[in-house]
>>> print(open('run.cif').read())   # mmCIF, C-alpha atoms
data_input
loop_
_atom_site.label_atom_id
_atom_site.label_comp_id
_atom_site.auth_asym_id
_atom_site.auth_seq_id
_atom_site.Cartn_x
_atom_site.Cartn_y
_atom_site.Cartn_z
CA MET U 28 1.53 25.25 8.53
CA ILE U 29 -0.09 21.84 8.68
CA VAL U 30 -3.87 22.14 8.84
CA GLU U 31 -6.71 19.81 9.74
CA ILE U 32 -9.44 21.88 8.18
CA LEU U 33 -9.58 22.98 4.55
CA THR U 34 -11.58 25.61 2.71
CA ASP U 35 -14.28 24.45 0.25
CA ALA U 36 -12.06 25.17 -2.73
CA GLU U 37 -9.17 23.27 -1.19
CA ARG U 38 -11.42 20.31 -0.40
CA VAL U 39 -12.65 19.90 -3.95
CA ALA U 40 -9.17 20.44 -5.35
CA LEU U 41 -7.68 17.85 -3.04
CA GLN U 42 -10.33 15.30 -3.99
CA ARG U 43 -9.44 15.81 -7.64
CA ILE U 44 -5.78 15.28 -6.88
CA LEU U 45 -6.31 12.15 -4.79
CA ILE U 46 -8.89 10.22 -6.81
CA PRO U 47 -6.48 9.25 -9.62
CA VAL U 48 -3.96 8.11 -6.99
CA ALA U 49 -6.55 5.97 -5.19
CA ASP U 50 -7.82 4.62 -8.52
CA ASP U 51 -4.30 3.57 -9.57
CA GLU U 52 -3.86 1.58 -6.36
CA TRP U 53 -7.33 0.06 -6.48
CA ILE U 54 -7.00 -1.15 -10.07
CA LEU U 55 -3.50 -2.50 -9.41
CA GLY U 56 -4.96 -4.42 -6.48
CA HIS U 57 -7.57 -6.02 -8.74
CA ARG U 58 -5.09 -6.84 -11.49
CA GLY U 59 -2.66 -8.23 -8.91
CA SER U 60 -5.31 -10.59 -7.58
CA GLU U 61 -5.65 -12.12 -11.06
CA TRP U 62 -2.20 -13.66 -10.52
CA LEU U 63 -3.23 -15.59 -7.42
CA GLY U 64 -1.80 -19.09 -7.77
CA LEU U 65 -0.11 -18.23 -11.08
CA ALA U 66 3.03 -16.39 -9.95
CA PRO U 67 6.36 -18.04 -10.89
CA ASP U 68 6.89 -19.65 -7.47
CA LEU U 69 5.30 -20.04 -4.05
CA GLU U 70 7.29 -17.19 -2.46
CA GLU U 71 6.16 -14.87 -5.22
CA ASP U 72 2.58 -15.98 -4.83
CA LEU U 73 2.76 -14.87 -1.18
CA ALA U 74 4.60 -11.68 -2.08
CA LEU U 75 2.20 -10.58 -4.80
CA SER U 76 -0.78 -11.42 -2.58
CA SER U 77 0.67 -9.21 0.17
CA ILE U 78 1.41 -6.40 -2.27
CA THR U 79 -2.11 -6.68 -3.64
CA GLN U 80 -3.61 -6.43 -0.15
CA ASP U 81 -1.40 -3.41 0.48
CA ASN U 82 -2.58 -1.77 -2.77
CA LEU U 83 -6.24 -2.23 -1.87
CA GLY U 84 -5.54 -0.94 1.64
CA HIS U 85 -3.81 2.18 0.30
CA ALA U 86 -6.69 2.83 -2.08
CA GLN U 87 -9.23 2.43 0.69
CA LEU U 88 -7.35 4.81 2.96
CA LEU U 89 -7.23 7.44 0.21
CA TYR U 90 -10.92 6.98 -0.69
CA ASP U 91 -11.71 7.44 3.02
CA ILE U 92 -9.79 10.71 3.09
CA VAL U 93 -11.61 11.86 -0.05
CA ALA U 94 -14.97 10.82 1.46
CA ASP U 95 -14.23 12.72 4.67
CA LEU U 96 -13.84 15.84 2.53
CA GLY U 97 -17.49 15.57 1.50
CA GLY U 98 -19.65 14.15 -1.29
CA TYR U 99 -19.45 10.46 -2.23
CA SER U 100 -18.70 7.81 0.40
CA ALA U 101 -15.70 5.56 -0.19
CA ASP U 102 -18.02 2.77 -1.37
CA GLN U 103 -19.74 5.10 -3.80
CA TRP U 104 -16.43 6.14 -5.30
CA VAL U 105 -15.68 2.51 -6.03
CA TYR U 106 -19.09 1.07 -6.84
CA ALA U 107 -21.18 3.91 -8.20
CA ARG U 108 -18.95 5.37 -10.91
CA SER U 109 -19.24 4.53 -14.58
CA PRO U 110 -16.04 3.34 -16.34
CA SER U 111 -15.40 6.77 -17.86
CA GLU U 112 -15.38 8.34 -14.39
CA TRP U 113 -12.36 6.26 -13.33
CA LYS U 114 -9.11 8.22 -13.44
CA HIS U 115 -6.37 5.57 -13.23
CA CYS U 116 -3.64 5.53 -15.86
CA GLN U 117 -3.53 2.94 -18.62
CA LEU U 118 -0.44 1.20 -17.27
CA VAL U 119 -2.22 -0.11 -14.18
CA GLU U 120 -5.20 -1.52 -16.03
CA MET U 121 -3.04 -3.80 -18.20
CA SER U 122 -4.49 -7.30 -17.88
CA ARG U 123 -2.38 -10.34 -17.01
CA GLN U 124 0.28 -11.10 -19.61
CA ASP U 125 3.83 -12.38 -19.30
CA TRP U 126 5.47 -12.24 -15.87
CA ALA U 127 8.15 -9.95 -17.34
CA ASP U 128 5.42 -7.48 -18.31
CA LEU U 129 4.14 -7.42 -14.75
CA VAL U 130 7.65 -6.87 -13.37
CA ALA U 131 8.38 -4.08 -15.86
CA GLY U 132 5.03 -2.40 -15.26
CA ARG U 133 5.24 -2.55 -11.49
CA PHE U 134 8.85 -1.38 -11.40
CA VAL U 135 7.96 1.60 -13.57
CA TYR U 136 4.84 2.38 -11.55
CA GLU U 137 6.40 2.05 -8.09
CA THR U 138 9.31 4.26 -9.08
CA PHE U 139 6.85 6.90 -10.23
CA ASP U 140 4.54 6.44 -7.25
CA GLU U 141 7.30 7.06 -4.71
CA MET U 142 7.95 10.41 -6.42
CA ARG U 143 4.25 11.18 -6.51
CA LEU U 144 3.86 10.37 -2.79
CA GLN U 145 6.78 12.66 -1.99
CA MET U 146 4.94 15.36 -3.87
CA LEU U 147 1.65 14.70 -2.03
CA ASN U 148 3.58 15.04 1.19
CA LEU U 149 4.01 18.73 0.33
CA ILE U 150 0.28 19.23 0.86
CA ALA U 151 -0.03 20.52 4.40
CA TYR U 152 -3.19 18.62 5.32
CA GLN U 153 -2.61 16.50 8.41
CA PRO U 154 -4.76 13.43 7.60
CA LEU U 155 -3.13 13.19 4.17
CA GLN U 156 0.39 13.55 5.52
CA ALA U 157 -0.25 10.80 8.08
CA ALA U 158 -1.62 8.51 5.36
CA VAL U 159 1.26 9.23 2.98
CA THR U 160 3.81 8.46 5.70
CA LYS U 161 2.12 5.14 6.39
CA ILE U 162 1.76 4.23 2.72
CA ARG U 163 5.42 5.02 1.99
CA GLN U 164 6.55 2.70 4.81
CA GLU U 165 4.87 -0.17 2.99
CA LYS U 166 5.64 0.97 -0.55
CA MET U 167 9.36 0.91 0.11
CA TYR U 168 9.13 -2.88 0.15
CA HIS U 169 7.17 -2.95 -3.10
CA LEU U 170 9.76 -0.94 -4.98
CA GLN U 171 12.63 -3.02 -3.58
CA HIS U 172 10.78 -6.17 -4.52
CA PHE U 173 10.19 -5.25 -8.15
CA GLU U 174 13.67 -3.78 -8.53
CA SER U 175 15.14 -7.05 -7.40
CA TRP U 176 12.89 -8.88 -9.88
CA VAL U 177 14.25 -6.66 -12.67
CA ASP U 178 17.78 -7.58 -11.53
CA THR U 179 16.93 -11.28 -11.38
CA LEU U 180 15.50 -11.31 -14.89
CA VAL U 181 18.20 -9.13 -16.45
CA LEU U 182 20.94 -11.30 -14.95
CA GLY U 183 19.02 -14.54 -15.19
CA GLY U 184 19.94 -15.92 -18.61
CA GLN U 185 19.22 -15.28 -22.25
CA SER U 186 15.46 -15.75 -22.37
CA ALA U 187 14.69 -13.94 -19.09
CA ARG U 188 16.95 -11.07 -20.10
CA GLN U 189 15.37 -10.73 -23.51
CA ARG U 190 11.85 -10.82 -22.10
CA ILE U 191 12.42 -8.20 -19.42
CA LEU U 192 14.20 -5.88 -21.86
CA GLU U 193 11.35 -6.18 -24.33
CA ALA U 194 8.83 -5.66 -21.52
CA LEU U 195 10.64 -2.53 -20.32
CA THR U 196 10.62 -1.17 -23.87
CA ASP U 197 6.95 -2.03 -24.40
CA VAL U 198 5.91 -0.53 -21.10
CA TYR U 199 7.38 2.78 -22.16
CA ALA U 200 4.68 3.14 -24.78
CA GLN U 201 2.01 2.95 -22.09
CA ILE U 202 3.10 5.60 -19.65
CA GLY U 203 2.01 8.70 -21.54
CA ASP U 204 -0.87 9.43 -19.20
CA MET U 205 0.84 8.31 -15.97
CA PHE U 206 2.35 11.75 -15.43
CA VAL U 207 -0.70 13.69 -16.50
CA TRP U 208 -2.40 15.88 -13.93
CA GLU U 209 -5.62 17.57 -14.72
CA GLU U 210 -4.40 20.85 -16.13
CA THR U 211 -7.34 22.82 -14.84
CA ASN U 212 -6.93 21.46 -11.31
CA PRO U 213 -6.62 24.45 -9.01
CA GLY U 214 -5.14 22.16 -6.34
CA LEU U 215 -1.72 22.13 -7.99
CA ASP U 216 -1.72 25.92 -7.80
CA LEU U 217 -3.13 26.05 -4.29
CA TRP U 218 -0.31 23.95 -2.87
CA HIS U 219 2.35 25.27 -5.26
CA LEU U 220 2.79 21.85 -6.80
CA ASN U 221 2.86 22.85 -10.45
CA GLU U 222 6.59 22.96 -10.72
CA THR U 223 7.10 19.68 -8.85
CA ALA U 224 4.47 17.99 -11.01
CA ARG U 225 6.10 19.26 -14.20
CA GLY U 226 9.47 18.00 -13.00
CA LEU U 227 8.32 14.43 -12.29
CA PRO U 228 8.79 12.97 -15.79
CA GLN U 229 12.41 14.12 -16.02
CA LYS U 230 13.14 12.98 -12.47
CA TRP U 231 11.66 9.62 -13.31
CA VAL U 232 13.62 9.25 -16.56
CA THR U 233 16.85 10.01 -14.68
CA ARG U 234 15.98 7.34 -12.11
CA LEU U 235 15.29 4.79 -14.84
CA GLN U 236 18.50 5.67 -16.61
CA GLY U 237 20.36 5.07 -13.34
CA LYS U 238 18.80 1.63 -13.08
CA TYR U 239 19.78 0.74 -16.66
CA GLU U 240 23.33 1.89 -16.10
CA SER U 241 23.68 0.00 -12.82
CA LEU U 242 22.77 -3.17 -14.69
CA GLY U 243 25.13 -2.39 -17.57
CA LEU U 244 22.25 -2.00 -20.00
CA PRO U 245 22.50 0.37 -22.96
CA TRP U 246 20.51 3.54 -22.44
CA HIS U 247 18.93 5.40 -25.34
CA THR U 248 17.65 8.86 -24.71
CA ARG U 249 13.93 8.56 -24.41
CA VAL U 250 11.03 10.89 -24.55
CA ILE U 251 7.89 10.11 -22.61
CA PRO U 252 5.26 9.51 -25.28
CA GLN U 253 2.20 11.69 -25.64
CA ALA U 254 -0.85 9.85 -24.33
CA GLU U 255 -2.97 8.70 -27.28
CA SER U 256 -5.84 8.09 -24.94
CA ASN U 257 -5.78 9.44 -21.45
CA GLY U 258 -6.85 7.41 -18.42
CA ARG U 259 -6.75 10.53 -16.27
CA LEU U 260 -9.62 11.84 -18.40
CA GLY U 261 -11.55 8.60 -18.12
CA GLN U 262 -10.42 7.11 -21.44
CA HIS U 263 -9.67 3.44 -20.88
CA ALA U 264 -8.66 0.37 -22.85
CA GLU U 265 -11.30 -2.19 -23.80
CA SER U 266 -9.84 -4.56 -21.23
CA PHE U 267 -10.94 -2.29 -18.38
CA PHE U 268 -14.65 -2.84 -19.02
CA PRO U 269 -14.84 -6.52 -18.04
CA LEU U 270 -12.83 -5.69 -14.90
CA TRP U 271 -15.16 -2.82 -14.03
CA LYS U 272 -18.17 -5.07 -14.57
CA GLU U 273 -16.71 -7.75 -12.35
CA MET U 274 -15.74 -5.47 -9.49
CA THR U 275 -19.12 -3.78 -9.40
CA SER U 276 -21.22 -6.89 -10.04
CA VAL U 277 -21.92 -7.91 -6.43
CA ARG U 278 -22.93 -4.37 -5.59
CA GLU U 279 -25.18 -4.39 -8.62
CA ILE U 280 -26.92 -7.61 -7.58
CA ALA U 281 -27.22 -6.76 -3.87
CA PRO U 282 -26.91 -3.01 -3.37
CA LEU U 283 -27.68 -3.12 0.33
CA SER U 284 -25.36 -5.94 1.28
CA GLY U 285 -22.78 -5.33 4.00
CA TRP U 286 -19.05 -5.60 3.34
CA MET O 18 -15.11 1.81 35.16
CA SER O 19 -11.57 3.17 35.05
CA THR O 20 -9.09 3.69 32.24
CA ASP O 21 -6.83 1.11 33.91
CA GLU O 22 -9.57 -1.46 33.75
CA ILE O 23 -10.05 -0.78 30.04
CA TRP O 24 -6.31 -1.15 29.37
CA ASP O 25 -6.29 -4.43 31.35
CA ARG O 26 -9.15 -5.77 29.30
CA LEU O 27 -7.47 -4.70 26.06
CA LYS O 28 -4.50 -6.84 27.09
CA THR O 29 -6.76 -9.89 26.63
CA VAL O 30 -7.26 -9.10 22.93
CA ALA O 31 -4.61 -10.92 20.93
CA ASP O 32 -3.25 -10.74 17.43
CA PRO O 33 -5.34 -13.31 15.50
CA GLU O 34 -2.26 -15.14 14.23
CA ILE O 35 -0.01 -14.81 17.28
CA PRO O 36 -2.31 -15.68 20.17
CA ASN O 37 0.15 -14.86 22.96
CA LEU O 38 0.72 -11.33 21.67
CA SER O 39 -1.82 -8.73 22.81
CA ILE O 40 -2.73 -5.65 20.83
CA VAL O 41 -1.36 -3.62 23.75
CA ASP O 42 2.07 -5.27 23.50
CA LEU O 43 1.88 -4.91 19.75
CA GLY O 44 1.60 -1.16 20.32
CA MET O 45 -1.66 -0.84 18.40
CA VAL O 46 -3.61 1.06 21.06
CA ASP O 47 -3.22 4.77 20.45
CA ARG O 48 -5.75 6.18 22.89
CA VAL O 49 -8.42 5.13 25.38
CA GLU O 50 -11.07 7.59 26.44
CA ILE O 51 -14.09 7.24 28.66
CA ASP O 52 -16.86 9.68 27.93
CA GLN O 53 -19.98 9.44 30.11
CA GLY O 54 -19.92 5.66 30.30
CA HIS O 55 -18.97 5.26 26.65
CA VAL O 56 -15.53 3.86 25.79
CA LYS O 57 -13.63 5.15 22.80
CA VAL O 58 -10.64 3.13 21.67
CA ASP O 59 -8.35 4.42 18.92
CA LEU O 60 -6.26 1.73 17.28
CA MET O 61 -3.32 2.13 14.92
CA PRO O 62 -3.35 -0.40 12.06
CA THR O 63 0.00 -2.13 11.71
CA PHE O 64 -0.46 -2.37 7.93
CA VAL O 65 -3.11 -0.39 6.08
CA GLY O 66 -4.54 -3.38 4.21
CA CYS O 67 -4.43 -5.78 7.16
CA PRO O 68 -7.44 -8.09 6.72
CA ALA O 69 -7.63 -8.71 10.50
CA LEU O 70 -8.70 -5.16 11.37
CA HIS O 71 -12.44 -5.86 11.51
CA TRP O 72 -11.83 -9.01 13.51
CA ILE O 73 -9.73 -7.07 16.03
CA GLU O 74 -12.39 -4.36 16.25
CA GLN O 75 -14.99 -7.01 17.07
CA LYS O 76 -12.75 -8.65 19.71
CA VAL O 77 -12.15 -5.27 21.38
CA GLU O 78 -15.90 -4.69 21.60
CA GLU O 79 -16.37 -8.15 23.08
CA ALA O 80 -13.57 -7.66 25.61
CA LEU O 81 -15.08 -4.37 26.77
CA ALA O 82 -18.71 -5.55 26.89
CA PRO O 83 -21.07 -4.63 28.44
CA TYR O 84 -19.58 -1.15 28.19
CA PRO O 85 -20.69 0.53 24.99
CA THR O 86 -17.55 0.89 22.90
CA THR O 87 -16.55 2.68 19.71
CA VAL O 88 -13.40 1.48 18.00
CA LYS O 89 -11.73 3.75 15.48
CA PHE O 90 -8.67 3.10 13.33
CA VAL O 91 -6.46 6.16 13.23
CA TYR O 92 -3.34 7.22 11.37
CA ARG O 93 -2.48 10.40 13.33
CA THR O 94 0.82 8.78 14.18
CA PRO O 95 1.71 5.86 11.96
CA TRP O 96 2.36 2.55 13.68
CA THR O 97 5.96 1.43 13.41
CA THR O 98 7.68 -1.66 14.73
CA GLU O 99 9.32 0.49 17.39
CA ARG O 100 5.96 0.61 19.15
CA LEU O 101 6.22 -3.07 20.04
CA THR O 102 6.86 -3.36 23.79
CA ALA O 103 9.77 -5.34 25.30
CA ARG O 104 7.20 -7.90 26.40
CA GLY O 105 5.78 -7.95 22.91
CA ARG O 106 9.22 -8.73 21.48
CA GLU O 107 9.60 -11.61 23.96
CA ARG O 108 6.18 -12.97 23.10
CA LEU O 109 6.98 -12.94 19.39
CA LEU O 110 10.16 -14.88 20.02
CA GLU O 111 8.30 -17.43 22.16
CA TRP O 112 5.94 -17.95 19.25
CA GLY O 113 8.90 -18.58 16.94
CA VAL O 114 8.84 -15.25 15.09
CA ALA O 115 12.00 -13.12 15.21
CA PRO O 116 11.26 -9.61 16.54
CA PRO O 117 11.76 -6.74 14.10
CA LEU O 118 15.14 -5.05 13.84
CA ASN O 119 15.00 -1.41 14.79
CA GLN O 120 18.38 -0.81 13.20
CA PRO O 121 20.21 -2.56 10.37
CA GLY O 122 21.98 -5.76 11.34
CA PRO O 123 21.57 -9.53 11.20
CA VAL O 124 18.27 -11.07 12.28
CA THR O 125 18.72 -13.64 15.04
CA CYS O 126 17.27 -17.07 14.28
CA PRO O 127 14.43 -17.69 16.77
CA LEU O 128 15.10 -21.44 16.61
CA CYS O 129 18.85 -21.72 17.35
CA GLY O 130 19.94 -18.15 18.16
CA SER O 131 22.46 -17.91 15.32
CA GLN O 132 23.00 -14.64 13.51
CA LYS O 133 24.03 -16.40 10.32
CA THR O 134 20.73 -15.73 8.60
CA HIS O 135 19.57 -14.17 5.38
CA LEU O 136 16.37 -12.67 4.01
CA ASN O 137 14.50 -15.01 1.73
CA SER O 138 11.50 -12.83 0.94
CA ALA O 139 10.27 -9.56 2.38
CA PHE O 140 6.74 -10.89 1.99
CA GLY O 141 5.74 -13.71 4.30
CA PRO O 142 2.46 -15.40 5.18
CA SER O 143 0.96 -12.14 6.43
CA LEU O 144 1.56 -8.47 5.62
CA CYS O 145 3.65 -7.92 8.75
CA ARG O 146 6.04 -10.86 8.43
CA ALA O 147 9.05 -11.62 6.22
CA ILE O 148 10.68 -14.99 5.52
CA TYR O 149 14.30 -15.61 6.53
CA TYR O 150 16.58 -18.61 6.36
CA CYS O 151 19.05 -19.71 9.03
CA ASP O 152 22.35 -20.85 7.52
CA GLU O 153 23.30 -22.46 10.84
CA CYS O 154 20.34 -24.72 11.63
CA GLN O 155 19.19 -24.66 8.01
CA GLN O 156 15.60 -23.84 8.80
CA PRO O 157 13.36 -21.18 7.30
CA PHE O 158 11.80 -18.86 9.84
CA GLU O 159 9.65 -15.75 10.00
CA ALA O 160 10.53 -12.30 11.31
CA MET O 161 8.29 -9.33 11.89
CA LYS O 162 9.01 -6.85 9.13
CA ALA O 163 10.58 -3.60 10.28
CA ILE O 164 8.60 -0.56 9.21
#
>>> encode(input="run.cif", output="structure tokens")
Amino acid sequence: MIVEILTDAERVALQRILIPVADDEWILGHRGSEWLGLAPDLEEDLALSSITQDNLGHAQLLYDIVADLGGYSADQWVYARSPSEWKHCQLVEMSRQDWADLVAGRFVYETFDEMRLQMLNLIAYQPLQAAVTKIRQEKMYHLQHFESWVDTLVLGGQSARQRILEALTDVYAQIGDMFVWEETNPGLDLWHLNETARGLPQKWVTRLQGKYESLGLPWHTRVIPQAESNGRLGQHAESFFPLWKEMTSVREIAPLSGW
Amino acid sequence: MSTDEIWDRLKTVADPEIPNLSIVDLGMVDRVEIDQGHVKVDLMPTFVGCPALHWIEQKVEEALAPYPTTVKFVYRTPWTTERLTARGRERLLEWGVAPPLNQPGPVTCPLCGSQKTHLNSAFGPSLCRAIYYCDECQQPFEAMKAI
């Protein structure tokens, strides 16, 4: 049964499930904006700007749902938390590097996120289901876009091919915490999501293997690495701190300003 | 004040980038309610991150003044391109933007009417538009993205 009202326990549990998802999208939006004017061509500049706006929109929608469940307002979630209270994974906080790194990272993330959204859709809470439906409509274009970039680079000549293959290998080392859900989160139990959550890494690996094979790339059996530091627990790379400082700075200077 | 009057006034609020296309023809208006002299308008965002939402909210309030109005953005039912009215599709075409395809098939060039077109980029100058190219008249053009 799809409900519009949750119990207290369900509310808190759902907030804990959704915050990392919103944080992933928010941070991606900020990192995406760092490419403005620097993407490989004009079309891509437009595309990445659109994707970035979408990411921030998705984050805002999820923060709004979390805020409606009680506690912090959406603005407080974004502007009043310390860096160690952010729950995004390390992959999304990667600062601007080579274009191939962005393509590899986004392809990996969007593939995962589609599976995660399918899982969130199993939570029978009407406002969340409506939001997930809307977000997936837009996300479909993101995944297609980055998949076609992977194709372009793999098939695009020696240097492009080498760079994307290296980027895809490197990115693998950074996804340890992407699949991590707070183990103590009662929400996964409440909505019977434990099994689905546990199955995501394997499902994702199979999807990636399919992509490699469709491009005629050699596939080596891979194991998702253990997270050395875990973004889902608030452990972040050094590079996150300047970003956090920048995105909270206006709020810091003028706490009462309108947005 | 009647609900009809409110709908008529909402027809004067246009998409900020396509001035001949009203938010009614765009299919953005989910619900209009009058409650003791207070108007409540529920709008469905076309794209979640659309930067024009606040602007549209303001224009709706202006169009309904002096009635006190509350605009809310809702996601109960997600907006899809199928909500665009027949008139809305015509208006898009008049403005030079190909209407969205509700089923797979070639996009018709709004400039010469040819169906020999191909997608150039799914991401155009705004969140809701994609860039196509017409192989017949050899012009780039925009189409509303189907979602």
>>> residues_around(input="run.cif", residues="Pro154 (chain U)", least_positions_apart="2", cutoff="12 Å", atoms="all atoms listed in the file", output="MDAnalysis selection string")
(chainID U and resid 29:33 41 88:89 91:93 95:96 147:148 150:152 156:161) or (chainID O and resid 91:95)
>>> resolve_selection(input="run.cif", expression="the PyMOL selection byres ((chain U) within 9 of (chain O))", output="list in words")
Glu70, Glu71, Leu73, Ala74, Leu75, Ser76, Ser77, Ile78, Thr79, Gln80, Asp81, Asn82, Leu83, Gly84, His85, Gln87, Leu88, Gln153, Pro154, Gln156, Ala157, Ala158, Thr160, Lys161, Ile162, Gln164, Glu165, Tyr168 and His172 of chain U
>>> resolve_selection(input="run.cif", expression="the PyMOL selection byres ((chain O and resi 81) around 12)", output="VMD selection string")
chain O and resid 18 to 20 22 to 30 49 51 54 to 58 74 to 80 82 to 88
>>> closest_atom_pairs(input="run.cif", of="region 72-148 of chain U", to="region 208-231 of chain U", cutoff="10 Å", atoms="all atoms listed in the file", output="CSV")
residue,atom,partner,partner_atom,distance
U:Val135,CA,U:Trp231,CA,8.8
U:Thr138,CA,U:Trp231,CA,7.2
U:Phe139,CA,U:Trp231,CA,6.3
U:Asp140,CA,U:Trp231,CA,9.9
U:Glu141,CA,U:Trp231,CA,10.0
U:Met142,CA,U:Leu227,CA,7.1
U:Arg143,CA,U:Leu227,CA,7.8
U:Gln145,CA,U:Thr223,CA,9.8
U:Met146,CA,U:Thr223,CA,6.9
U:Leu147,CA,U:Leu220,CA,8.7
>>> resolve_selection(input="run.cif", expression="the PyMOL selection byres ((chain O and resi 43) around 7)", output="PyMOL selection string")
chain O and resi 38-42+44-45+100-102+105
>>> atom_distance(input="run.cif", atom1="CA of Ser241 (chain U)", atom2="CA of Leu180 (chain U)")
14.1 Å
>>> residues_around(input="run.cif", residues="region 109-114 of chain O", least_positions_apart="5", cutoff="8 Å", atoms="only C-alpha atoms", output="list in words")
Ile35, Asn37, Leu38, Pro127, Leu128, Phe158, Glu159, Ala160 and Met161 of chain O
>>> write_last_selection(input="run.cif", atoms="C-alpha atoms", output="PDB file, in the frame of the given file")
ATOM      1  CA  ILE O  35      -0.010 -14.810  17.280  1.00  0.00           C
ATOM      2  CA  ASN O  37       0.150 -14.860  22.960  1.00  0.00           C
ATOM      3  CA  LEU O  38       0.720 -11.330  21.670  1.00  0.00           C
ATOM      4  CA  PRO O 127      14.430 -17.690  16.770  1.00  0.00           C
ATOM      5  CA  LEU O 128      15.100 -21.440  16.610  1.00  0.00           C
ATOM      6  CA  PHE O 158      11.800 -18.860   9.840  1.00  0.00           C
ATOM      7  CA  GLU O 159       9.650 -15.750  10.000  1.00  0.00           C
ATOM      8  CA  ALA O 160      10.530 -12.300  11.310  1.00  0.00           C
ATOM      9  CA  MET O 161       8.290  -9.330  11.890  1.00  0.00           C
TER      10      MET O 161
END
>>> atom_distance(input="run.cif", atom1="CA of Ile73 (chain O)", atom2="CA of Gly285 (chain U)")
17.8 Å
>>> closest_residue(input="run.cif", among="U:Glu120, U:Ser60, U:Gln236, U:Ile46", to="Thr248 (chain U)", atoms="only C-alpha atoms")
U:Gln236
>>> closest_residue(input="run.cif", among="O:His135, O:Gly122, O:Pro36, O:Lys89", to="Met61 (chain O)", atoms="all atoms listed in the file")
O:Lys89
>>> closest_residue(input="run.cif", among="U:Trp53, U:Gly203, U:Gly132, U:Ser256", to="Tyr106 (chain U)", atoms="only C-alpha atoms")
U:Trp53
>>> atom_distance(input="run.cif", atom1="CA of Gln156 (chain O)", atom2="CA of Cys129 (chain O)")
9.4 Å
